[in-house]
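Asker: Sharing a structure below in structure tokens format, with a few things to ask.
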Amino acid sequence: MITITYPKADADLERVLEKIKDLSLAHKTVASPATAEIQLEDGITKVQGEAAIQAYLEKLEGELDQWYYCSC
């Protein structure tokens with residue numbers, strides 16, 4: 001399950017959550033005012049910042065598409 005930790009609800013958080021919902025990924029959100037910027041944890045993978053999280057989700061989307069469309 002993906003965990004999104006964020007300092008405050010803002011546009012960055014909304015964009016990340018929209019992408020996660022578009023991909024139908026299990027997730028939870030944790031508000032943490034002590035956190036400097038939005039963070040994603042997925043197993044042992046940790047990503048910080050909206051741009052880096054979007055890049056990670058794009059990579060994950062490609063893997064999901066490849067798995068779904070695999071003709072193995």
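Identifiers for the structure tokens are assigned positionally: chains receive A, B, ... in sequence, residues are indexed from 1 per chain, and ligands are indexed from 1 in the order shown.
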Name all residues at most 9 Å from Ala26 (chain A) (count only C-alpha atoms; drop same-chain ones fewer than 4 positions away) and give them as a list in words.

Answerer: Met1, Ile2, Thr3, Ile20 and Lys21 of chain A

Asker: Please list as a list in words every residue within 10 Å of Lys46 (chain A), counting only C-alpha atoms and excluding residues in the same chain fewer than 6 positions away.

Answerer: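 My list of contacting residues is Ile2, Thr3, Ile4, Gln39, Leu40, Ile53 and Tyr56 of chain A.
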
Asker: Applying 10 Å and only C-alpha atoms, which residues near Ala11 (chain A) remain after dropping the ones on its own chain fewer than 5 positions away? List them as a list in words.

Answerer: Val16, Leu17 and Glu50 of chain A

Asker: Kindly save the residues from that selection, with N, CA and C atoms included, as a PDB file, in the first residue's frame.

Answerer:
ATOM      1  N   VAL A  16      -1.262  14.572  -6.887  1.00  0.00           N
ATOM      2  CA  VAL A  16      -0.730  13.241  -6.580  1.00  0.00           C
ATOM      3  C   VAL A  16      -1.875  12.270  -6.305  1.00  0.00           C
ATOM      4  N   LEU A  17      -2.830  12.675  -5.488  1.00  0.00           N
ATOM      5  CA  LEU A  17      -3.946  11.794  -5.163  1.00  0.00           C
ATOM      6  C   LEU A  17      -4.805  11.493  -6.387  1.00  0.00           C
ATOM      7  N   GLU A  50       6.587  16.663  -5.136  1.00  0.00           N
ATOM      8  CA  GLU A  50       5.522  16.365  -6.089  1.00  0.00           C
ATOM      9  C   GLU A  50       6.054  15.903  -7.436  1.00  0.00           C
TER      10      GLU A  50
END

Asker: Run DSSP on the backbone and give me the residues of chain A it puts in strand (DSSP E), as a ChimeraX atom specification.

Answerer: /A:2-6,27-31,39-42,45-48

Asker: So how many Å separate CA of Leu64 (chain A) and CA of Ala9 (chain A), to one decimal?

Answerer: 27.7 Å

Asker: Run DSSP on the backbone and give me the residues of chain A it puts in alpha helix (DSSP H), as a count of residues only.

Answerer: 32

Asker: For CA of Lys28 (chain A) and CA of Gly62 (chain A), determine how far apart the two atoms are, in Å to one decimal place.

Answerer: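 We find that CA of Lys28 (chain A) and CA of Gly62 (chain A) lie 21.9 Å from each other.
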